[in-house]
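Participant: One structure is given below, represented as structure tokens, and several questions about it will come after.
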Amino acid sequence: MSHAAVLTVRGIIRGIHLSMADDSFPVGRSSREESDLVRRIRQGETERFAELIDRYQRHVGRIVGRRVPADRVRELIHEVFVKAYVNLAQFSDSVPFEHWLAGIAVRTCYDFWRARAREDVPVSALSEDHQRWIEQTLSSQSDRQFRDQTAKQEAADVLEWALRQLSPENRAVLTLVHLDGYSVREAAQLLGWTLVNVKVRAYRARQAMRALLRHTLTESAHDGP
Amino acid sequence: MTDHDEKSVNTLERALIDGYHSQSRVSHTVDVTHDVMRTIRRSATEGSPWTPAAVLDQLVWRTATITAAVVLTAAVLTVGLWRPPTEESPVLVAEELESVPFFGE
């Protein structure tokens, strides 16, 4: 068997990948090699934690990069790894290390927005460019035109504008369930919340988002020509 | 709210979700290994894992534990000192028994 094939087989054995939006959170057990590495770090080989950072910083970067402003990504990735090191004693081999790390990353981003909510930063209104983007998106005549619209920066800006008006809890759940496409169970595991809590929040968060969009459309219809 | 309006909300919602996925493809290639290891080494030389949250957590828990212990001790002592005697003193009972003549005496 070739080296690549061996690696593929090992990858399959390591964890069953659930049907998700991406492969950020595979579910399964931690590999023996990884468990051994974590054990050695716990026993005092601190410098070997660098291997875990090298291995997973892109993974953490993907999670954090989608959730916080670009200028805070580096700081939060740093925070995630420091938290992981501090709490390494709590890591159990029953889950893959990257899944455990993903939970820390998701909760760190949630804490970031909770802190922001306490600061009570006002959300500015949508600019004319963003209003125009909404109108052009709604009047798209073809799939290609629609896709081109969604690839524009305005799409991310309008989404961010809407997310900032949700509570940190609703934002966290909506991002995981409705945007990333994770199941309620997976979202509950990552956030460390109960299934019922996530299920109720997922429904309410989506309703809140749709009410916001409805209000925006109504206002732009009134303001329009 | 008309069906037409609901359709617009659906379209806008789908556009935002699609936009999120297309933006998500932009990866954040940040190398934090050096910085994180420096923080960890610093915490190791200081003797305990350092993060503001960890320090705050420890402080809160220690303060709460000490306060609870002090309150509990004070409560036990107060109850012990001020509780009115509910039983007769053994001396009084003995005296009482002595003063009662035995049957037949």
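Each chain of the structure tokens is named A, B, ... in the order shown, its residues numbered from 1; ligands are numbered from 1 in display order.
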May I ask you to extract the residues of chain A within 7 Å of chain B, using only C-alpha atoms, and to give them as a list of chain:residue names?

Facilitator: A:Ala50, A:Ile53, A:Asp54, A:Arg58, A:Gly61, A:Arg62, A:Gly65, A:Arg66, A:Arg74, A:His78, A:Phe81, A:Val82, A:Val86, A:Leu138, A:Thr150, A:Ala151, A:Ala155, A:Ala156, A:Leu159, A:Leu179, A:Arg210, A:Leu213, A:Arg214

Participant: How many Å lie between atom CA of Arg116 of chain A and atom CA of Leu195 of chain A, rounded to one decimal?

Facilitator: 25.7 Å

Participant: Residues at most 9 Å from Trp100 of chain A, counting only C-alpha atoms, excluding those fewer than 6 positions away in the same chain, as an mmCIF file with N, CA and C atoms, in the first residue's frame?

Facilitator:
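Output saved as selection.cif:
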data_model
loop_
_atom_site.group_PDB
_atom_site.id
_atom_site.type_symbol
_atom_site.label_atom_id
_atom_site.label_comp_id
_atom_site.auth_asym_id
_atom_site.auth_seq_id
_atom_site.Cartn_x
_atom_site.Cartn_y
_atom_site.Cartn_z
ATOM 1 N N PHE A 25 -15.029 20.119 11.742
ATOM 2 C CA PHE A 25 -15.293 19.409 12.991
ATOM 3 C C PHE A 25 -15.540 17.914 12.775
ATOM 4 N N ALA A 84 -6.407 26.635 25.243
ATOM 5 C CA ALA A 84 -6.253 25.187 25.036
ATOM 6 C C ALA A 84 -5.114 24.657 25.897
ATOM 7 N N PHE A 91 -8.751 17.845 28.511
ATOM 8 C CA PHE A 91 -8.947 17.165 27.231
ATOM 9 C C PHE A 91 -9.057 15.660 27.439
ATOM 10 N N SER A 92 -10.081 15.084 26.803
ATOM 11 C CA SER A 92 -10.279 13.639 26.915
ATOM 12 C C SER A 92 -10.074 13.001 25.541
ATOM 13 N N LEU A 190 -20.441 22.042 20.619
ATOM 14 C CA LEU A 190 -19.406 23.070 20.468
ATOM 15 C C LEU A 190 -19.585 24.216 21.456
#

Participant: What gap, in Å, lies between atom CA of Met209 of chain A and atom CA of Ala187 of chain A?

Facilitator: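 Taking atom CA of Met209 of chain A and atom CA of Ala187 of chain A, their separation equals 18.4 Å.
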